[in-house]
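Chemist: Have a look at this one.
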Amino acid sequence: MTPPFQGSLLTCDDEVHPGPLGALVRRTPLAHGAWIDLRPGWIGGADTLFQRLLHRVPWRAERRRMYERVIDVPRLLAFYDEHAPLPDPALDEALRILNDHYAPELGEPFRTAGLCLYRDGRDSVAWHGDTIGRGRTEDTMVAILSLGTPRPLLLRPRIGATAPLRHNLGHGDLLVMGGSCQRTWEHAIPKTTRPTGPRISVQFRPRGVR
Ligand SMILES: O=C(O)CCC(=O)C(=O)O
Ligand SMILES: [Fe+2]
């Protein structure tokens with residue numbers, strides 16, 4: 001049985017607002033020119049945003065060919081390419097705040113939003129880097145807003161047998177992978193057999209990066 005996601009009982013405002021970034025962002029340099037930024041509790045009204053996205057986004061199940069077999073992708077997906085209206089005004093505000101903070105360093109804006117819905121602990125994303133587009137050959141950034149049930153995001157370098165780093169992404173947290181992270185490291189959200197409620201992640205990326 002999967003417990004329903006229980007939001008914070010203390011948050012009763014139905015207005016959703018991303019908070020400031022600035023000095024609240026904590027950067028951790030990783031090996032090989034990669035880094036991650038963390039900004040816990042970025043979204044005010046995260047419960048409301050989670051519910052709105054859960055109900056408003058046209059979530060799609062996908063099937064992908066893996067070698068000889070076609071398998072269900074273990075999560076539901078939605079993708080908003082640049083110029084497509086985002087499914088919630090709070091995501092427009094989030095994008096604006098991200099771009100004010102990161103565009104000078106990134107050299108271009110974040111433009112697309114990929115959304116994943118992990119229905120329970122059986123949903124996951126396998127080890128990968130976002131290596132379509134600029135991320136394959138150059139430094140880039142991928143900004144992830146996490147909502148709902150906390151899930152660990154694991155990171156490991158492609159070269160070397162280092163134990164994975166583990167970041168428990170909580171309700172309303174922001175994690176940004178930057179520098180060479182997409183080509184020199186991999187990330188994953190592992191499956192878990194523990195009772196786990198739903199999680200939504202919103203990934204903001206520059207043009208062409210997937
Ligand atoms: O759900 C997440 O936080 C990560 C998703 C991801 O890595 C991807 O969609 O490329
Ligand atoms: Fe990814």
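FYI, nothing fancy with the structure tokens labels: chains A, B, ... in order, residues from 1 per chain, ligands from 1 as they appear.
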With a distance cut-off of 9 Å and only C-alpha atoms, select the neighbouring residues of range 20-22 of chain A, excluding the residue or stretch itself and same-chain residues fewer than 2 positions from it, and output the selection as a list in words.
Modeler: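 So, after excluding close chain neighbours, the residues are Pro18, Leu24, Val25, Arg39, Trp42, Ile97, Leu98 and His101 of chain A.
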Chemist: Can you check which parts of range 78-106 of chain A lie within 12 Å of range 130-152 of chain A? Per residue, the shortest pair of atoms and distance in Å to one decimal, counting only C-alpha atoms, sorted by chain and number, as JSON lines.
Modeler:
```
{"residue": "A:Ala90", "atom": "CA", "partner": "A:Leu145", "partner_atom": "CA", "distance": 11.6}
{"residue": "A:Leu91", "atom": "CA", "partner": "A:Leu145", "partner_atom": "CA", "distance": 9.6}
{"residue": "A:Ala94", "atom": "CA", "partner": "A:Leu145", "partner_atom": "CA", "distance": 9.1}
{"residue": "A:Leu95", "atom": "CA", "partner": "A:Ala143", "partner_atom": "CA", "distance": 9.6}
{"residue": "A:Ile97", "atom": "CA", "partner": "A:Ala143", "partner_atom": "CA", "distance": 11.6}
{"residue": "A:Leu98", "atom": "CA", "partner": "A:Ala143", "partner_atom": "CA", "distance": 8.2}
{"residue": "A:Asn99", "atom": "CA", "partner": "A:Ala143", "partner_atom": "CA", "distance": 10.4}
{"residue": "A:His101", "atom": "CA", "partner": "A:Ala143", "partner_atom": "CA", "distance": 11.6}
{"residue": "A:Tyr102", "atom": "CA", "partner": "A:Met141", "partner_atom": "CA", "distance": 8.9}
{"residue": "A:Ala103", "atom": "CA", "partner": "A:Met141", "partner_atom": "CA", "distance": 10.0}
{"residue": "A:Glu105", "atom": "CA", "partner": "A:Thr140", "partner_atom": "CA", "distance": 9.6}
{"residue": "A:Leu106", "atom": "CA", "partner": "A:Thr140", "partner_atom": "CA", "distance": 6.6}
```
Chemist: If you keep C-alpha atoms, can you produce a file of those selected residues as a JSON list (two decimals), in the first residue's frame?
Modeler:
```json
[["chain", "number", "residue", "atom", "x", "y", "z"],
["A", 90, "ALA", "CA", 4.46, 29.41, -10.31],
["A", 91, "LEU", "CA", 6.72, 27.59, -12.79],
["A", 94, "ALA", "CA", 10.49, 29.85, -10.87],
["A", 95, "LEU", "CA", 12.00, 30.02, -14.36],
["A", 97, "ILE", "CA", 14.12, 33.58, -10.72],
["A", 98, "LEU", "CA", 16.42, 30.79, -11.97],
["A", 99, "ASN", "CA", 17.34, 32.82, -15.04],
["A", 101, "HIS", "CA", 20.38, 33.99, -10.85],
["A", 102, "TYR", "CA", 22.06, 31.61, -13.32],
["A", 103, "ALA", "CA", 21.96, 33.13, -16.83],
["A", 105, "GLU", "CA", 27.08, 32.05, -15.41],
["A", 106, "LEU", "CA", 25.26, 29.71, -17.82]]
```
Chemist: What does the distance between CA of Trp59 in chain A and CA of Asn168 in chain A come to in Å, to one decimal place?
Modeler: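 So the two atoms, CA of Trp59 in chain A and CA of Asn168 in chain A, lie 24.1 Å apart.
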Chemist: Which residues sit within 8 Å of ligand 1, counting only C-alpha atoms and all ligand atoms, listed as a PDB file with N, CA and C atoms, in the first residue's frame?
Modeler:
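Below is the file part.pdb, written as the result:
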```
ATOM      1  N   GLY A 114      10.938  19.754 -18.188  1.00  0.00           N
ATOM      2  CA  GLY A 114      10.536  18.350 -18.222  1.00  0.00           C
ATOM      3  C   GLY A 114       9.953  18.019 -16.859  1.00  0.00           C
ATOM      4  N   LEU A 115       8.838  17.305 -16.853  1.00  0.00           N
ATOM      5  CA  LEU A 115       8.245  16.929 -15.568  1.00  0.00           C
ATOM      6  C   LEU A 115       8.177  15.410 -15.462  1.00  0.00           C
ATOM      7  N   CYS A 116       8.491  14.899 -14.290  1.00  0.00           N
ATOM      8  CA  CYS A 116       8.356  13.471 -14.014  1.00  0.00           C
ATOM      9  C   CYS A 116       7.449  13.294 -12.809  1.00  0.00           C
ATOM     10  N   LEU A 117       6.589  12.295 -12.865  1.00  0.00           N
ATOM     11  CA  LEU A 117       5.784  11.896 -11.708  1.00  0.00           C
ATOM     12  C   LEU A 117       6.186  10.480 -11.319  1.00  0.00           C
ATOM     13  N   TYR A 118       6.771  10.358 -10.134  1.00  0.00           N
ATOM     14  CA  TYR A 118       7.132   9.051  -9.573  1.00  0.00           C
ATOM     15  C   TYR A 118       5.961   8.662  -8.678  1.00  0.00           C
ATOM     16  N   SER A 124      11.202   5.216 -10.906  1.00  0.00           N
ATOM     17  CA  SER A 124      12.632   5.503 -10.738  1.00  0.00           C
ATOM     18  C   SER A 124      13.175   6.111 -12.023  1.00  0.00           C
ATOM     19  N   VAL A 125      14.440   6.558 -11.962  1.00  0.00           N
ATOM     20  CA  VAL A 125      15.174   6.832 -13.196  1.00  0.00           C
ATOM     21  C   VAL A 125      16.555   6.197 -13.039  1.00  0.00           C
ATOM     22  N   HIS A 128      22.153   7.829 -15.532  1.00  0.00           N
ATOM     23  CA  HIS A 128      22.311   8.488 -16.838  1.00  0.00           C
ATOM     24  C   HIS A 128      22.860   9.886 -16.607  1.00  0.00           C
ATOM     25  N   GLY A 129      23.340  10.514 -17.693  1.00  0.00           N
ATOM     26  CA  GLY A 129      23.586  11.949 -17.727  1.00  0.00           C
ATOM     27  C   GLY A 129      22.641  12.538 -18.760  1.00  0.00           C
ATOM     28  N   ASP A 130      22.313  13.817 -18.632  1.00  0.00           N
ATOM     29  CA  ASP A 130      21.452  14.455 -19.634  1.00  0.00           C
ATOM     30  C   ASP A 130      22.381  14.907 -20.762  1.00  0.00           C
ATOM     31  N   ILE A 144      16.651  21.262 -10.964  1.00  0.00           N
ATOM     32  CA  ILE A 144      15.557  20.353 -10.602  1.00  0.00           C
ATOM     33  C   ILE A 144      14.825  20.868  -9.366  1.00  0.00           C
ATOM     34  N   LEU A 145      13.522  21.073  -9.543  1.00  0.00           N
ATOM     35  CA  LEU A 145      12.644  21.383  -8.413  1.00  0.00           C
ATOM     36  C   LEU A 145      11.947  20.094  -8.015  1.00  0.00           C
ATOM     37  N   SER A 146      12.049  19.755  -6.741  1.00  0.00           N
ATOM     38  CA  SER A 146      11.480  18.503  -6.244  1.00  0.00           C
ATOM     39  C   SER A 146      10.277  18.803  -5.368  1.00  0.00           C
ATOM     40  N   LEU A 153      18.402  11.495  -4.623  1.00  0.00           N
ATOM     41  CA  LEU A 153      19.014  11.587  -5.944  1.00  0.00           C
ATOM     42  C   LEU A 153      20.472  11.192  -5.748  1.00  0.00           C
ATOM     43  N   LEU A 169      16.196  14.721  -1.770  1.00  0.00           N
ATOM     44  CA  LEU A 169      15.534  15.926  -2.271  1.00  0.00           C
ATOM     45  C   LEU A 169      14.153  16.023  -1.640  1.00  0.00           C
ATOM     46  N   HIS A 187      23.500  10.540 -12.781  1.00  0.00           N
ATOM     47  CA  HIS A 187      22.567  10.657 -11.662  1.00  0.00           C
ATOM     48  C   HIS A 187      21.440   9.639 -11.819  1.00  0.00           C
ATOM     49  N   ALA A 188      20.776   9.344 -10.708  1.00  0.00           N
ATOM     50  CA  ALA A 188      19.697   8.338 -10.704  1.00  0.00           C
ATOM     51  C   ALA A 188      18.775   8.592  -9.520  1.00  0.00           C
ATOM     52  N   ILE A 189      17.526   8.176  -9.678  1.00  0.00           N
ATOM     53  CA  ILE A 189      16.577   8.107  -8.556  1.00  0.00           C
ATOM     54  C   ILE A 189      16.250   6.621  -8.415  1.00  0.00           C
ATOM     55  N   ILE A 200       6.956  14.628  -7.580  1.00  0.00           N
ATOM     56  CA  ILE A 200       7.034  15.284  -8.887  1.00  0.00           C
ATOM     57  C   ILE A 200       8.373  15.998  -8.967  1.00  0.00           C
ATOM     58  N   SER A 201       9.087  15.826 -10.088  1.00  0.00           N
ATOM     59  CA  SER A 201      10.275  16.654 -10.305  1.00  0.00           C
ATOM     60  C   SER A 201      10.079  17.483 -11.562  1.00  0.00           C
ATOM     61  N   VAL A 202      10.537  18.726 -11.488  1.00  0.00           N
ATOM     62  CA  VAL A 202      10.483  19.640 -12.633  1.00  0.00           C
ATOM     63  C   VAL A 202      11.924  19.948 -12.986  1.00  0.00           C
ATOM     64  N   GLN A 203      12.335  19.597 -14.213  1.00  0.00           N
ATOM     65  CA  GLN A 203      13.716  19.861 -14.642  1.00  0.00           C
ATOM     66  C   GLN A 203      13.713  21.000 -15.656  1.00  0.00           C
ATOM     67  N   ARG A 210      18.790  17.620 -23.067  1.00  0.00           N
ATOM     68  CA  ARG A 210      17.789  16.655 -22.582  1.00  0.00           C
ATOM     69  C   ARG A 210      18.494  15.547 -21.827  1.00  0.00           C
TER      70      ARG A 210
END
```
Chemist: For Thr193 in chain A, which residue out of A:Asp37, A:Asp47, A:Asp81, A:Asp123 is the nearest one, using only C-alpha atoms?
Modeler: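 Closest candidate: A:Asp123.
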Chemist: How would you write, as a PyMOL selection string, the set of residues in chain A that DSSP gives as helix (DSSP H, G or I)?
Modeler: chain A and resi 22-24+31-33+46-56+89-106+133-136+181-184
Chemist: Enumerate the residues of range 115-173 of chain A with a DSSP assignment of strand (DSSP E), computed from the backbone, and present them as a list in words.
Modeler: Leu115, Cys116, Leu117, Tyr118, Val125, Ala126, Trp127, His128, Val142, Ala143, Ile144, Leu145, Ser146, Leu147, Gly148, Arg151, Pro152, Leu153, Leu154, Leu155, Arg156, Pro157, Leu165, Arg166, His167, Asn168, Leu169 and Asp173 of chain A
Chemist: Would you output that residue set with N, CA and C atoms, as a compact mmCIF listing (two decimals), in the first residue's frame?
Modeler:
```txt
# COMPACT_ATOMS: atom_id res chain seq x y z
N LEU A 115 8.84 17.31 -16.85
CA LEU A 115 8.24 16.93 -15.57
C LEU A 115 8.18 15.41 -15.46
N CYS A 116 8.49 14.90 -14.29
CA CYS A 116 8.36 13.47 -14.01
C CYS A 116 7.45 13.29 -12.81
N LEU A 117 6.59 12.29 -12.87
CA LEU A 117 5.78 11.90 -11.71
C LEU A 117 6.19 10.48 -11.32
N TYR A 118 6.77 10.36 -10.13
CA TYR A 118 7.13 9.05 -9.57
C TYR A 118 5.96 8.66 -8.68
N VAL A 125 14.44 6.56 -11.96
CA VAL A 125 15.17 6.83 -13.20
C VAL A 125 16.56 6.20 -13.04
N ALA A 126 16.94 5.43 -14.07
CA ALA A 126 18.21 4.69 -14.03
C ALA A 126 19.39 5.65 -14.19
N TRP A 127 20.59 5.17 -13.90
CA TRP A 127 21.81 5.97 -14.03
C TRP A 127 21.93 6.54 -15.44
N HIS A 128 22.15 7.83 -15.53
CA HIS A 128 22.31 8.49 -16.84
C HIS A 128 22.86 9.89 -16.61
N VAL A 142 21.40 21.84 -15.33
CA VAL A 142 20.05 21.30 -15.24
C VAL A 142 19.55 21.61 -13.83
N ALA A 143 18.43 22.33 -13.74
CA ALA A 143 17.89 22.74 -12.43
C ALA A 143 16.66 21.90 -12.12
N ILE A 144 16.65 21.26 -10.96
CA ILE A 144 15.56 20.35 -10.60
C ILE A 144 14.82 20.87 -9.37
N LEU A 145 13.52 21.07 -9.54
CA LEU A 145 12.64 21.38 -8.41
C LEU A 145 11.95 20.09 -8.01
N SER A 146 12.05 19.75 -6.74
CA SER A 146 11.48 18.50 -6.24
C SER A 146 10.28 18.80 -5.37
N LEU A 147 9.17 18.08 -5.61
CA LEU A 147 7.93 18.30 -4.84
C LEU A 147 7.38 16.96 -4.39
N GLY A 148 6.78 16.94 -3.23
CA GLY A 148 6.14 15.71 -2.76
C GLY A 148 7.07 14.88 -1.90
N ARG A 151 12.79 11.85 -2.17
CA ARG A 151 13.48 10.68 -2.74
C ARG A 151 14.95 11.04 -2.83
N PRO A 152 15.84 10.06 -2.63
CA PRO A 152 17.26 10.36 -2.81
C PRO A 152 17.64 10.46 -4.28
N LEU A 153 18.40 11.49 -4.62
CA LEU A 153 19.01 11.59 -5.94
C LEU A 153 20.47 11.19 -5.75
N LEU A 154 20.90 10.16 -6.48
CA LEU A 154 22.28 9.68 -6.36
C LEU A 154 23.12 10.26 -7.50
N LEU A 155 24.39 10.51 -7.19
CA LEU A 155 25.34 11.01 -8.19
C LEU A 155 26.61 10.20 -8.09
N ARG A 156 27.15 9.78 -9.24
CA ARG A 156 28.44 9.08 -9.23
C ARG A 156 29.25 9.51 -10.45
N PRO A 157 30.58 9.59 -10.28
CA PRO A 157 31.40 9.95 -11.44
C PRO A 157 31.42 8.81 -12.45
N LEU A 165 27.22 9.70 -4.26
CA LEU A 165 26.75 10.73 -3.33
C LEU A 165 25.23 10.65 -3.32
N ARG A 166 24.68 10.98 -2.16
CA ARG A 166 23.24 10.81 -1.99
C ARG A 166 22.65 12.11 -1.45
N HIS A 167 21.69 12.68 -2.16
CA HIS A 167 21.02 13.90 -1.69
C HIS A 167 19.53 13.63 -1.59
N ASN A 168 19.03 13.73 -0.39
CA ASN A 168 17.60 13.51 -0.21
C ASN A 168 16.88 14.78 -0.63
N LEU A 169 16.20 14.72 -1.77
CA LEU A 169 15.53 15.93 -2.27
C LEU A 169 14.15 16.02 -1.64
N ASP A 173 12.44 21.63 -2.57
CA ASP A 173 13.89 21.88 -2.69
C ASP A 173 14.32 22.08 -4.15
```
Chemist: Which of these residues is nearest to ligand 2, using only C-alpha atoms and all ligand atoms: A:Trp185, A:Gly44, A:Pro164, A:Arg199?
Modeler: A:Trp185
Chemist: Give me the residues near Arg111 in chain A as a ChimeraX atom specification, where near means some atom within 7 Å (using only C-alpha atoms) and where sequence neighbours in that chain fewer than 6 positions away do not count.
Modeler: /A:82,204-207
Chemist: Could you dump the residues just selected with N, CA and C atoms as a PDB file, in the first residue's frame?
Modeler:
```
ATOM      1  N   GLU A  82      10.438  25.086 -25.299  1.00  0.00           N
ATOM      2  CA  GLU A  82      10.430  26.550 -25.186  1.00  0.00           C
ATOM      3  C   GLU A  82       9.218  27.089 -25.957  1.00  0.00           C
ATOM      4  N   PHE A 204      14.374  22.087 -15.300  1.00  0.00           N
ATOM      5  CA  PHE A 204      14.534  23.203 -16.228  1.00  0.00           C
ATOM      6  C   PHE A 204      15.877  23.037 -16.927  1.00  0.00           C
ATOM      7  N   ARG A 205      15.861  23.144 -18.264  1.00  0.00           N
ATOM      8  CA  ARG A 205      17.097  22.967 -19.040  1.00  0.00           C
ATOM      9  C   ARG A 205      17.215  24.048 -20.105  1.00  0.00           C
ATOM     10  N   PRO A 206      18.458  24.317 -20.549  1.00  0.00           N
ATOM     11  CA  PRO A 206      18.627  25.232 -21.684  1.00  0.00           C
ATOM     12  C   PRO A 206      18.152  24.556 -22.972  1.00  0.00           C
ATOM     13  N   ARG A 207      18.021  25.355 -24.023  1.00  0.00           N
ATOM     14  CA  ARG A 207      17.608  24.848 -25.331  1.00  0.00           C
ATOM     15  C   ARG A 207      18.457  23.648 -25.777  1.00  0.00           C
TER      16      ARG A 207
END
```
Chemist: Let me make sure I understand: among A:Val176, A:Arg64, A:Gly197, A:Leu53, which one has the smallest atom-to-atom distance to ligand 2 if we use only C-alpha atoms and all ligand atoms?
Modeler: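 Result for the nearest residue to ligand 2: A:Val176.
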Chemist: Of the residues A:Tyr67, A:Gly160, A:Glu93, A:Asp88, which is the one nearest to Gln51 in chain A, using only C-alpha atoms?
Modeler: A:Asp88
Chemist: Go through A:Val57, A:Ala84, A:Ala34, A:Leu76 and flag the residue nearest Arg183 in chain A, using only C-alpha atoms for the distances.
Modeler: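 Using only C-alpha atoms, the shortest distance to Arg183 in chain A belongs to A:Ala34.
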Chemist: For Pro87 in chain A, find every residue with an atom within 10 Å (counting only C-alpha atoms), except residues of its own chain fewer than 4 positions away, and show them as JSON, numbers by chain.
Modeler: {"A": [52, 53, 56, 57, 58, 78, 80, 91, 92, 113]}
Chemist: Of the candidates A:Leu49, A:Gly208, A:Thr192, A:Glu186, which shows the shortest atom-to-atom distance to ligand 2, using only C-alpha atoms and all ligand atoms?
Modeler: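 Counting only C-alpha atoms and all ligand atoms, the residue closest to ligand 2 is A:Glu186.
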Chemist: State, in Å with one decimal place, the distance from CA of Ala23 in chain A to CA of Leu174 in chain A.
Modeler: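 Between CA of Ala23 in chain A and CA of Leu174 in chain A the gap works out to 13.6 Å.
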